[in-house]
file data-v6.txt (compact mmCIF, C-alpha atoms)
# COMPACT_ATOMS: atom_id res chain seq x y z
CA MET A 1 150.00 -13.72 152.20
CA ARG A 2 150.07 -13.53 155.98
CA ASN A 3 149.30 -17.28 156.07
CA ASN A 4 149.59 -20.07 153.55
CA ILE A 5 145.90 -20.27 152.63
CA VAL A 6 146.35 -23.01 150.02
CA SER A 7 144.71 -26.34 150.81
CA LEU A 8 147.03 -29.28 151.44
CA GLY A 9 145.23 -31.11 148.64
CA ALA A 10 145.48 -28.33 146.05
CA ASP A 11 148.26 -30.04 144.10
CA GLU A 12 146.07 -33.14 143.68
CA LEU A 13 143.46 -31.27 141.62
CA LYS A 14 144.39 -32.31 138.09
CA TYR A 15 142.13 -32.75 135.05
CA GLU A 16 144.20 -33.60 132.02
CA ILE A 17 141.03 -34.02 129.93
CA ARG A 18 140.55 -30.25 129.91
CA GLU A 19 144.12 -29.14 130.59
CA ILE A 20 145.20 -30.33 127.16
CA VAL A 21 142.64 -27.99 125.58
CA ALA A 22 144.90 -24.98 126.23
CA VAL A 23 147.76 -26.70 124.38
CA ALA A 24 145.46 -27.64 121.49
CA LYS A 25 144.17 -24.08 121.19
CA ASP A 26 147.75 -22.81 120.87
CA PHE A 27 148.27 -25.18 117.94
CA GLN A 28 144.90 -24.10 116.52
CA GLN A 29 146.06 -20.49 116.47
CA MET A 30 149.08 -21.64 114.47
CA GLY A 31 146.80 -23.07 111.78
CA VAL A 32 146.46 -26.68 112.93
CA ASP A 33 142.90 -27.98 112.43
CA ILE A 34 141.93 -29.63 115.75
CA THR A 35 139.82 -32.76 116.08
CA TRP A 36 138.61 -32.83 119.68
CA GLU A 37 138.85 -36.38 121.03
CA ASN A 38 139.67 -35.41 124.58
CA ILE A 39 136.25 -35.13 126.23
CA GLY A 40 133.11 -37.24 126.37
CA ASP A 41 130.50 -34.79 125.12
CA PRO A 42 128.28 -36.49 122.52
CA VAL A 43 126.47 -33.25 121.70
CA GLN A 44 129.67 -31.37 120.85
CA LYS A 45 130.59 -34.26 118.53
CA GLY A 46 127.36 -33.93 116.58
CA GLU A 47 124.90 -36.26 118.31
CA LYS A 48 121.32 -35.01 118.14
CA LEU A 49 118.64 -35.37 120.80
CA PRO A 50 115.44 -36.73 119.25
CA ALA A 51 112.74 -34.13 118.61
CA TRP A 52 110.37 -35.81 121.08
CA ILE A 53 112.86 -35.34 123.93
CA LYS A 54 113.33 -31.68 123.01
CA ASP A 55 109.54 -31.26 122.91
CA ILE A 56 109.21 -32.57 126.47
CA ILE A 57 111.91 -30.19 127.67
CA THR A 58 110.35 -27.27 125.80
CA GLN A 59 106.94 -27.95 127.33
CA ALA A 60 108.43 -28.09 130.83
CA MET A 61 110.04 -24.70 130.25
CA LYS A 62 106.54 -23.21 129.83
CA GLU A 63 105.51 -24.31 133.33
CA ASP A 64 106.02 -21.84 136.18
CA LEU A 65 107.21 -24.44 138.70
CA THR A 66 110.17 -25.23 136.45
CA TYR A 67 111.67 -21.95 137.64
CA ALA A 68 111.20 -22.67 141.35
CA TYR A 69 113.53 -24.29 143.86
CA SER A 70 113.30 -28.05 144.21
CA PRO A 71 113.56 -29.79 147.60
CA THR A 72 117.15 -30.31 148.74
CA LYS A 73 117.14 -34.02 147.88
CA GLY A 74 115.31 -33.38 144.61
CA LEU A 75 111.76 -33.39 143.30
CA ASP A 76 109.61 -35.96 145.12
CA ALA A 77 107.88 -37.24 141.97
CA THR A 78 111.17 -37.73 140.13
CA ARG A 79 112.82 -39.51 143.04
CA GLU A 80 109.76 -41.76 143.41
CA PHE A 81 109.92 -42.57 139.69
CA LEU A 82 113.63 -43.42 139.87
CA ALA A 83 113.19 -45.55 142.99
CA GLN A 84 110.43 -47.59 141.33
CA ARG A 85 112.54 -47.93 138.21
CA ALA A 86 115.52 -49.16 140.24
CA ASN A 87 113.43 -51.66 142.18
CA ARG A 88 112.16 -53.36 139.02
CA ASN A 89 115.49 -55.18 138.66
CA GLY A 90 115.33 -56.86 142.06
CA GLY A 91 118.36 -56.65 144.32
CA VAL A 92 118.44 -54.15 147.15
CA GLN A 93 115.22 -52.10 147.32
CA ILE A 94 115.20 -48.34 147.82
CA THR A 95 112.70 -45.55 148.39
CA LYS A 96 112.74 -41.97 147.20
CA GLU A 97 114.46 -41.02 150.46
CA ASP A 98 117.51 -42.99 149.32
CA ILE A 99 117.92 -40.74 146.25
CA ILE A 100 119.69 -37.38 146.34
CA PHE A 101 120.09 -35.03 143.36
CA PHE A 102 123.18 -32.98 142.54
CA ASN A 103 124.29 -30.49 139.92
CA GLY A 104 125.97 -33.18 137.88
CA LEU A 105 128.07 -36.02 139.25
CA GLY A 106 131.00 -33.64 139.64
CA ASP A 107 129.01 -31.97 142.41
CA ALA A 108 128.16 -35.36 143.94
CA ILE A 109 131.78 -36.51 143.78
CA SER A 110 132.95 -33.35 145.54
CA LYS A 111 130.50 -33.86 148.39
CA ILE A 112 131.00 -37.61 148.76
CA TYR A 113 134.73 -37.23 149.27
CA GLY A 114 134.48 -33.86 150.96
CA GLN A 115 132.41 -35.27 153.83
CA LEU A 116 134.91 -38.03 154.64
CA ARG A 117 137.30 -37.57 157.53
CA LYS A 118 140.57 -36.71 155.84
CA GLU A 119 142.48 -39.61 157.41
CA TYR A 120 140.13 -42.19 155.88
CA ARG A 121 140.41 -43.11 152.25
CA VAL A 122 138.49 -44.52 149.29
CA ILE A 123 140.65 -46.74 147.11
CA GLY A 124 139.91 -46.41 143.41
CA PRO A 125 140.96 -47.88 140.07
CA SER A 126 144.04 -47.07 138.05
CA PRO A 127 143.66 -45.84 135.35
CA ALA A 128 141.22 -43.54 137.13
CA TYR A 129 138.68 -41.00 135.96
CA SER A 130 140.34 -37.74 136.98
CA THR A 131 137.39 -36.16 138.80
CA HIS A 132 137.24 -39.06 141.25
CA SER A 133 140.98 -39.44 141.78
CA SER A 134 141.58 -35.71 142.19
CA ALA A 135 138.66 -35.15 144.57
CA GLU A 136 139.59 -38.12 146.75
CA ALA A 137 143.27 -37.19 146.92
CA SER A 138 142.45 -33.54 147.55
CA HIS A 139 140.17 -34.32 150.49
CA ALA A 140 142.98 -36.30 152.11
CA GLY A 141 145.78 -33.91 151.19
CA SER A 142 147.69 -36.93 149.95
CA GLU A 143 148.29 -39.01 146.84
CA TYR A 144 145.47 -41.06 145.36
CA ILE A 145 145.38 -44.69 146.55
CA SER A 146 144.61 -47.14 143.78
CA TYR A 147 144.17 -50.75 142.76
CA ASN A 148 145.13 -51.88 139.28
CA LEU A 149 142.94 -52.48 136.27
CA ASP A 150 144.58 -55.25 134.25
CA PRO A 151 145.08 -54.47 130.54
CA ALA A 152 145.94 -58.13 129.90
CA ASN A 153 142.52 -59.11 131.26
CA LEU A 154 140.23 -56.70 129.38
CA TRP A 155 140.96 -53.92 131.90
CA TYR A 156 139.05 -55.76 134.64
CA PRO A 157 139.95 -54.97 138.27
CA ASP A 158 142.86 -56.93 139.69
CA VAL A 159 140.94 -58.26 142.69
CA SER A 160 144.04 -59.74 144.32
CA ASP A 161 145.78 -56.37 144.18
CA LEU A 162 142.68 -54.70 145.65
CA ARG A 163 142.43 -57.24 148.48
CA MET A 164 146.08 -56.88 149.47
CA LYS A 165 145.91 -53.10 149.54
CA VAL A 166 142.73 -53.10 151.60
CA LYS A 167 144.18 -55.67 154.01
CA TYR A 168 147.39 -53.76 154.69
CA ASN A 169 146.05 -50.20 154.69
CA PRO A 170 143.58 -49.77 157.56
CA SER A 171 142.84 -46.17 156.51
CA ILE A 172 140.90 -47.52 153.50
CA SER A 173 137.22 -47.24 154.32
CA GLY A 174 135.62 -47.42 150.88
CA ILE A 175 136.11 -48.89 147.40
CA LEU A 176 135.39 -46.98 144.20
CA LEU A 177 134.18 -48.75 141.05
CA ILE A 178 133.44 -47.16 137.69
CA ASN A 179 131.25 -49.53 135.68
CA PRO A 180 131.18 -49.26 132.68
CA ASP A 181 134.63 -47.85 133.09
CA ASN A 182 136.08 -44.53 132.02
CA PRO A 183 138.73 -44.41 130.50
CA THR A 184 138.89 -48.06 129.38
CA GLY A 185 135.32 -48.86 128.25
CA ALA A 186 135.38 -52.14 130.21
CA VAL A 187 132.12 -53.66 131.46
CA TYR A 188 132.72 -55.76 134.57
CA PRO A 189 131.33 -59.30 134.90
CA LYS A 190 129.08 -60.13 137.84
CA GLU A 191 131.65 -62.51 139.32
CA ILE A 192 134.21 -59.73 139.76
CA LEU A 193 131.64 -57.41 141.31
CA LEU A 194 130.66 -60.13 143.79
CA GLU A 195 134.32 -60.59 144.75
CA ILE A 196 134.66 -56.86 145.41
CA VAL A 197 131.47 -56.82 147.48
CA ALA A 198 132.88 -59.74 149.49
CA ILE A 199 136.04 -57.73 150.24
CA ALA A 200 133.92 -54.77 151.36
CA ARG A 201 131.87 -57.06 153.60
CA GLU A 202 134.96 -58.72 155.10
CA TYR A 203 136.68 -55.43 155.95
CA ASP A 204 133.52 -53.46 156.78
CA LEU A 205 133.90 -50.96 153.94
CA PHE A 206 131.36 -49.10 151.81
CA ILE A 207 131.30 -49.12 148.01
CA VAL A 208 130.91 -46.17 145.63
CA CYS A 209 129.98 -47.21 142.08
CA ASP A 210 129.91 -44.60 139.33
CA GLU A 211 127.25 -45.94 136.97
CA ILE A 212 126.82 -42.89 134.74
CA TYR A 213 127.26 -45.15 131.67
CA ILE A 214 125.23 -48.08 133.00
CA ASN A 215 122.84 -48.24 130.03
CA LEU A 216 125.49 -47.55 127.38
CA THR A 217 126.76 -51.07 126.66
CA TYR A 218 127.10 -53.15 123.50
CA ASN A 219 128.89 -56.10 121.86
CA GLY A 220 126.59 -58.40 123.84
CA LYS A 221 127.62 -56.97 127.23
CA ARG A 222 125.25 -55.67 129.91
CA SER A 223 126.21 -53.80 133.07
CA VAL A 224 125.31 -55.46 136.34
CA PRO A 225 124.01 -52.72 138.67
CA LEU A 226 125.62 -52.43 142.08
CA ALA A 227 122.13 -52.82 143.56
CA ASP A 228 121.99 -56.39 142.20
CA VAL A 229 125.11 -57.58 144.01
CA ILE A 230 125.58 -55.39 147.08
CA ASP A 231 123.32 -57.42 149.37
CA GLY A 232 123.68 -55.94 152.88
CA VAL A 233 126.88 -53.93 152.28
CA CYS A 234 126.64 -50.14 152.52
CA GLY A 235 126.96 -48.41 149.19
CA ILE A 236 126.33 -45.51 146.83
CA SER A 237 125.47 -45.69 143.13
CA MET A 238 126.04 -42.57 141.04
CA LYS A 239 123.81 -41.96 138.01
CA GLY A 240 122.80 -39.13 135.71
CA ILE A 241 121.52 -37.93 132.34
CA SER A 242 124.61 -36.23 130.92
CA LYS A 243 125.79 -39.28 128.96
CA GLU A 244 122.55 -41.20 128.65
CA LEU A 245 120.11 -38.69 127.10
CA PRO A 246 122.69 -37.15 126.35
CA TRP A 247 122.39 -33.76 128.07
CA PRO A 248 125.77 -32.93 129.68
CA GLY A 249 124.97 -29.23 129.94
CA ALA A 250 122.03 -29.96 132.24
CA ARG A 251 124.50 -30.79 135.05
CA CYS A 252 122.04 -33.25 136.55
CA GLY A 253 122.98 -36.38 138.45
CA TRP A 254 121.90 -38.29 141.52
CA ILE A 255 123.05 -40.90 143.98
CA GLU A 256 121.18 -43.95 145.19
CA VAL A 257 122.07 -44.92 148.76
CA TYR A 258 122.04 -48.60 149.71
CA ASN A 259 121.73 -50.07 153.22
CA ALA A 260 122.23 -46.87 155.23
CA ASP A 261 120.01 -48.45 157.88
CA LYS A 262 122.56 -51.24 158.36
CA ASP A 263 125.27 -49.03 159.89
CA PRO A 264 124.83 -45.90 162.05
CA VAL A 265 128.20 -44.44 161.01
CA PHE A 266 127.36 -44.77 157.32
CA ALA A 267 123.90 -43.30 157.97
CA LYS A 268 125.46 -40.27 159.67
CA TYR A 269 127.91 -39.90 156.77
CA ILE A 270 125.02 -39.84 154.28
CA LYS A 271 123.20 -37.28 156.44
CA SER A 272 126.30 -35.07 156.30
CA ILE A 273 126.19 -35.21 152.48
CA VAL A 274 122.53 -34.14 152.53
CA ASP A 275 123.31 -31.36 155.02
CA ASP A 276 126.15 -30.17 152.80
CA LYS A 277 123.79 -30.12 149.83
CA MET A 278 121.26 -28.19 151.92
CA LEU A 279 123.72 -25.31 152.18
CA GLU A 280 123.33 -24.95 148.39
CA VAL A 281 119.53 -25.14 148.84
CA CYS A 282 118.95 -27.57 145.96
CA SER A 283 119.92 -28.74 142.49
CA THR A 284 118.64 -27.37 139.17
CA THR A 285 114.91 -28.00 138.73
CA LEU A 286 114.35 -28.22 134.96
CA PRO A 287 116.19 -31.49 134.19
CA GLN A 288 114.68 -33.14 137.25
CA ARG A 289 111.16 -32.29 136.08
CA VAL A 290 111.53 -33.96 132.69
CA ILE A 291 113.25 -37.20 133.74
CA PRO A 292 110.06 -39.21 134.45
CA GLU A 293 108.38 -38.21 131.20
CA ILE A 294 111.49 -38.84 129.08
CA MET A 295 112.60 -42.12 130.67
CA GLY A 296 109.01 -43.31 131.03
CA ASP A 297 108.25 -42.75 127.35
CA SER A 298 107.80 -45.87 125.22
CA ARG A 299 110.37 -44.46 122.79
CA TYR A 300 113.16 -44.20 125.35
CA GLY A 301 114.30 -47.83 125.19
CA GLY A 302 114.62 -47.61 121.42
CA HIS A 303 116.54 -44.35 121.72
CA ILE A 304 119.15 -46.01 123.96
CA ALA A 305 119.28 -49.15 121.79
CA ASN A 306 119.94 -47.07 118.68
CA ARG A 307 122.77 -45.21 120.36
CA ASN A 308 124.33 -48.44 121.57
CA ALA A 309 124.18 -49.91 118.08
CA ILE A 310 126.12 -46.92 116.77
CA TYR A 311 128.79 -47.22 119.49
CA GLU A 312 129.07 -50.95 118.82
CA LYS A 313 129.78 -50.34 115.15
CA ARG A 314 132.38 -47.70 115.97
CA SER A 315 134.02 -49.79 118.69
CA ARG A 316 134.49 -52.70 116.30
CA LEU A 317 135.96 -50.51 113.55
CA ALA A 318 138.34 -48.77 115.95
CA TYR A 319 139.48 -52.07 117.44
CA THR A 320 139.99 -53.62 114.01
CA LEU A 321 142.16 -50.72 112.88
CA LEU A 322 144.35 -50.59 116.00
CA LYS A 323 144.57 -54.11 117.45
CA ASP A 324 147.43 -55.42 115.29
CA ILE A 325 149.86 -52.53 115.73
CA LYS A 326 153.13 -53.84 117.08
CA GLY A 327 154.04 -52.15 120.35
CA VAL A 328 150.54 -51.42 121.64
CA LEU A 329 147.79 -53.29 123.48
CA VAL A 330 144.19 -52.52 122.62
CA ASN A 331 141.06 -54.10 124.11
CA GLN A 332 137.71 -53.75 122.40
CA THR A 333 135.54 -51.35 124.36
CA ASN A 334 132.12 -52.70 125.40
CA GLY A 335 130.64 -49.81 127.33
CA ALA A 336 130.66 -46.03 127.58
CA PHE A 337 132.26 -44.40 124.53
CA TYR A 338 136.01 -44.47 125.04
CA LEU A 339 138.90 -46.62 123.90
CA THR A 340 142.26 -46.85 125.64
CA VAL A 341 145.44 -47.61 123.71
CA MET A 342 148.33 -48.77 125.88
CA PHE A 343 151.94 -48.72 124.72
CA ARG A 344 153.78 -51.87 125.66
CA GLU A 345 156.79 -51.72 127.96
CA ASN A 346 159.82 -50.03 126.36
CA ALA A 347 157.88 -49.19 123.18
CA LEU A 348 158.32 -45.46 123.84
CA THR A 349 161.63 -43.62 123.93
CA PRO A 350 162.59 -39.96 124.48
CA ASN A 351 163.80 -39.64 120.88
CA GLN A 352 160.73 -40.61 118.87
CA LYS A 353 159.05 -37.99 116.71
CA LEU A 354 156.38 -37.44 114.12
CA THR A 355 156.75 -35.31 111.01
CA VAL A 356 155.10 -31.94 111.70
CA PRO A 357 154.43 -30.01 108.47
CA ASN A 358 153.49 -26.76 110.22
CA GLU A 359 156.80 -25.05 111.13
CA LYS A 360 155.35 -23.02 114.02
CA ALA A 361 153.70 -26.11 115.45
CA LYS A 362 156.94 -28.03 115.02
CA GLU A 363 158.88 -25.42 117.00
CA LYS A 364 156.26 -25.40 119.74
CA VAL A 365 156.01 -29.18 120.12
CA GLU A 366 159.76 -29.50 120.37
CA ARG A 367 159.64 -27.12 123.33
CA LEU A 368 156.65 -28.85 124.90
CA VAL A 369 158.05 -32.37 124.92
CA LYS A 370 161.03 -31.60 127.12
CA ASN A 371 160.73 -33.36 130.49
CA VAL A 372 157.22 -34.76 130.01
CA ALA A 373 155.93 -38.32 130.37
CA LEU A 374 156.65 -40.39 127.28
CA ASP A 375 152.99 -40.93 126.45
CA LYS A 376 152.33 -37.20 126.74
CA ARG A 377 155.24 -36.68 124.36
CA PHE A 378 153.41 -38.86 121.81
CA VAL A 379 150.13 -37.04 122.44
CA TYR A 380 151.77 -33.65 121.83
CA TYR A 381 153.41 -34.83 118.62
CA LEU A 382 150.11 -36.34 117.45
CA LEU A 383 148.38 -33.04 118.15
CA ALA A 384 150.98 -30.99 116.28
CA ALA A 385 151.18 -33.37 113.32
CA THR A 386 147.48 -34.24 112.83
CA GLY A 387 145.38 -32.02 115.08
CA ILE A 388 143.89 -35.08 116.84
CA CYS A 389 143.55 -34.21 120.53
CA VAL A 390 143.59 -37.25 122.83
CA VAL A 391 144.40 -37.62 126.53
CA PRO A 392 147.59 -39.32 127.79
CA LEU A 393 146.99 -42.35 129.98
CA THR A 394 149.35 -41.00 132.63
CA GLY A 395 146.80 -38.20 133.04
CA PHE A 396 144.45 -40.79 134.57
CA ASN A 397 146.57 -41.42 137.68
CA CYS A 398 148.25 -44.32 135.97
CA GLY A 399 151.80 -45.60 135.70
CA LEU A 400 151.04 -47.20 132.35
CA GLN A 401 151.63 -45.27 129.13
CA GLY A 402 149.07 -44.75 126.41
CA PHE A 403 146.12 -42.54 125.59
CA ARG A 404 142.33 -42.37 125.63
CA VAL A 405 140.31 -41.53 122.53
CA THR A 406 136.50 -41.24 122.21
CA LEU A 407 134.06 -43.09 119.95
CA LEU A 408 131.90 -40.01 119.54
CA GLU A 409 132.69 -38.62 116.09
CA SER A 410 129.30 -38.65 114.33
CA ASP A 411 130.66 -38.19 110.80
CA ASP A 412 131.42 -41.74 109.67
CA ALA A 413 134.10 -40.68 107.19
CA LYS A 414 135.86 -38.52 109.74
CA PHE A 415 135.62 -41.26 112.38
CA GLU A 416 137.37 -43.66 110.03
CA TRP A 417 139.97 -40.99 109.20
CA VAL A 418 140.70 -40.47 112.93
CA PHE A 419 141.39 -44.14 113.60
CA LYS A 420 143.28 -44.79 110.37
CA THR A 421 145.41 -41.74 111.17
CA LEU A 422 145.99 -43.01 114.71
CA ARG A 423 147.06 -46.39 113.27
CA ASP A 424 149.46 -44.79 110.84
CA LYS A 425 150.91 -42.26 113.27
CA ILE A 426 151.42 -44.78 116.08
CA THR A 427 153.28 -46.98 113.61
CA GLU A 428 155.35 -44.06 112.33
CA TYR A 429 156.17 -42.90 115.84
CA LEU A 430 157.20 -46.32 117.15
CA ASN A 431 159.35 -46.97 114.09
CA GLY A 432 160.97 -43.55 114.20

call {"tool": "encode", "arguments": {"input": "data-v6.txt", "output": "structure tokens"}}
result
Amino acid sequence: MRNNIVSLGADELKYEIREIVAVAKDFQQMGVDITWENIGDPVQKGEKLPAWIKDIITQAMKEDLTYAYSPTKGLDATREFLAQRANRNGGVQITKEDIIFFNGLGDAISKIYGQLRKEYRVIGPSPAYSTHSSAEASHAGSEYISYNLDPANLWYPDVSDLRMKVKYNPSISGILLINPDNPTGAVYPKEILLEIVAIAREYDLFIVCDEIYINLTYNGKRSVPLADVIDGVCGISMKGISKELPWPGARCGWIEVYNADKDPVFAKYIKSIVDDKMLEVCSTTLPQRVIPEIMGDSRYGGHIANRNAIYEKRSRLAYTLLKDIKGVLVNQTNGAFYLTVMFRENALTPNQKLTVPNEKAKEKVERLVKNVALDKRFVYYLLAATGICVVPLTGFNCGLQGFRVTLLESDDAKFEWVFKTLRDKITEYLNG
């Protein structure tokens, strides 16, 4: 090319959750039966939407206005409904004007980081959900800046680490939280959230909190919404229906903006996000139209409670099967539908292997594992030997080694097989 047209941040765009699919499909073509544990899609794993939710969606599809544009920020009636719903919990109060719809939170994430000046950064957790870490690093054309989640403390944020990094890096202008967390399944206590809000207040930062899993909690845990603790600090909560209904294919999410009136710079930043969205005209109309009727239905609370009961049962079984393996650290997940297994220091070596019965798969995996991270080496061997497709922890912008697996398998017998196989193969690998 006449000029180097590639963005400075292009190399930061990584999404291991989907990148491993290509590797798994190669093994599939060799005859390995794949069990997809790499991505959080409840529908693909067999979860069914209740008939009453489908009926509401079907009825909306018969209405002409479903096929029209929505306003740029989203449908007025839906935003009014969500604002009233948010305000029931107390905390900071919002109006419909503080809610902006997007085509999924991936769209929102792109715009939130894309409208920042490139020299100013949002510090986020490590391990990190790849969409956030990649988008933030790409906007800056530089490596992701992170604070640690502590595996020895239930994967809660290391607030001391966060404070020190904020203090000594004046380019940091915002703090990212994911609560409940992906990939760890941690649900943060109110005390930790208040400490993080205090840091943001002290250093005049804004907070972004991805709350896509906010109502998916169990084992006696409840998520504390950002709105309940943010007080007068500027902030953004990110929510959606992809995980909660679940309806990931709808690509429907929204942000709630807190305290934009408290700071003219933050208000102008939010306006730039709306203006950017305006260039797309609007977000998809159909899912917006059905949100009030679905979430306002008397059956909705029971629907969420039933799902959480299922995840609780699975989380306890998975934890029971994996917690006592020598060489790994496993915390019981209490929110979302993921579990992270971390290999302890020096547990992995470049010479460990699993028995791979398929000769073609064996030849391929031995080529793949040359010069890769040690946890990815395990993931590749696991894939070749068992067909279980998980995501290496180093794929989540993390220096720790391990992997993330989902709690989504809807066939109870297969779910138990997955985690018993993981137990056995981790043990075989570490003893090899």

call {"tool": "residues_around", "arguments": {"input": "data-v6.txt", "residues": "segment 324-336 of chain A", "least_positions_apart": "6", "cutoff": "6 Å", "atoms": "only C-alpha atoms", "output": "number ranges by chain"}}
result
A: 154, 180, 185-187, 213, 216-219, 342-344, 347

call {"tool": "residues_near_point", "arguments": {"input": "data-v6.txt", "point": "(109.9, -41.2, 130.3)", "cutoff": "12 Å", "atoms": "only C-alpha atoms", "output": "list of chain:residue names"}}
result
A:Trp52, A:Ile53, A:Ile56, A:Ile57, A:Thr78, A:Phe81, A:Leu82, A:Arg85, A:Leu245, A:Gln288, A:Arg289, A:Val290, A:Ile291, A:Pro292, A:Glu293, A:Ile294, A:Met295, A:Gly296, A:Asp297, A:Ser298, A:Arg299, A:Tyr300, A:Gly301, A:Gly302, A:His303

call {"tool": "residues_near_point", "arguments": {"input": "data-v6.txt", "point": "(114.6, -26.7, 138.2)", "cutoff": "9 Å", "atoms": "all atoms listed in the file", "output": "VMD selection string"}}
result
chain A and resid 65 to 70 75 282 to 289

call {"tool": "residues_around", "arguments": {"input": "data-v6.txt", "residues": "segment 25-29 of chain A", "least_positions_apart": "5", "cutoff": "10 Å", "atoms": "all atoms listed in the file", "output": "PyMOL selection string"}}
result
chain A and resi 20+34+358+360-362+364-365+380+383-385+387

call {"tool": "atom_distance", "arguments": {"input": "data-v6.txt", "atom1": "atom CA of Ala260 of chain A", "atom2": "atom CA of Ile172 of chain A"}}
result
18.8 Å

call {"tool": "atom_distance", "arguments": {"input": "data-v6.txt", "atom1": "atom CA of Thr427 of chain A", "atom2": "atom CA of Val341 of chain A"}}
result
12.8 Å

call {"tool": "atom_distance", "arguments": {"input": "data-v6.txt", "atom1": "atom CA of Leu407 of chain A", "atom2": "atom CA of Leu339 of chain A"}}
result
7.2 Å

call {"tool": "residues_around", "arguments": {"input": "data-v6.txt", "residues": "segment 270-276 of chain A", "least_positions_apart": "4", "cutoff": "9 Å", "atoms": "all atoms listed in the file", "output": "ChimeraX atom specification"}}
result
/A:72-73,100,108,111-112,114-115,257,260,265-266,280

call {"tool": "decode", "arguments": {"input": "data-v6.txt", "residues": "segment 280-334 of chain A", "atoms": "C-alpha atoms", "output": "compact mmCIF listing (two decimals), in the first residue's frame"}}
result
# COMPACT_ATOMS: atom_id res chain seq x y z
CA GLU A 280 -25.83 4.66 12.78
CA VAL A 281 -29.34 6.14 13.09
CA CYS A 282 -30.49 3.77 15.85
CA SER A 283 -30.39 0.29 17.34
CA THR A 284 -32.61 -2.67 16.40
CA THR A 285 -36.27 -2.02 17.24
CA LEU A 286 -37.80 -5.46 17.90
CA PRO A 287 -35.99 -6.39 21.15
CA GLN A 288 -36.51 -2.90 22.52
CA ARG A 289 -40.26 -3.14 21.96
CA VAL A 290 -40.69 -6.33 23.98
CA ILE A 291 -38.51 -5.50 27.00
CA PRO A 292 -41.24 -3.76 29.06
CA GLU A 293 -43.80 -6.51 28.50
CA ILE A 294 -41.33 -9.33 29.22
CA MET A 295 -39.60 -7.80 32.25
CA GLY A 296 -42.86 -6.37 33.55
CA ASP A 297 -44.61 -9.74 33.43
CA SER A 298 -45.39 -11.37 36.78
CA ARG A 299 -43.67 -14.53 35.53
CA TYR A 300 -40.33 -12.86 34.87
CA GLY A 301 -39.00 -12.99 38.44
CA GLY A 302 -39.71 -16.71 38.62
CA HIS A 303 -38.03 -17.25 35.26
CA ILE A 304 -34.80 -15.65 36.54
CA ALA A 305 -35.02 -17.48 39.89
CA ASN A 306 -35.38 -20.83 38.13
CA ARG A 307 -32.34 -20.17 35.97
CA ASN A 308 -30.28 -19.13 38.98
CA ALA A 309 -31.25 -22.30 40.82
CA ILE A 310 -29.96 -24.36 37.90
CA TYR A 311 -26.65 -22.45 37.79
CA GLU A 312 -26.27 -22.83 41.56
CA LYS A 313 -26.62 -26.60 41.31
CA ARG A 314 -24.09 -26.75 38.48
CA SER A 315 -21.64 -24.41 40.19
CA ARG A 316 -21.61 -26.56 43.31
CA LEU A 317 -21.09 -29.79 41.37
CA ALA A 318 -18.30 -28.30 39.27
CA TYR A 319 -16.56 -26.88 42.34
CA THR A 320 -16.87 -30.17 44.23
CA LEU A 321 -15.29 -32.11 41.37
CA LEU A 322 -12.37 -29.73 40.81
CA LYS A 323 -11.51 -28.07 44.13
CA ASP A 324 -9.25 -30.80 45.54
CA ILE A 325 -7.00 -31.31 42.51
CA LYS A 326 -3.41 -30.78 43.52
CA GLY A 327 -1.78 -28.05 41.44
CA VAL A 328 -4.85 -25.93 40.73
CA LEU A 329 -6.87 -23.25 42.51
CA VAL A 330 -10.62 -23.16 42.01
CA ASN A 331 -13.12 -20.74 43.56
CA GLN A 332 -16.82 -21.49 43.55
CA THR A 333 -18.56 -19.25 41.05
CA ASN A 334 -21.46 -17.20 42.44
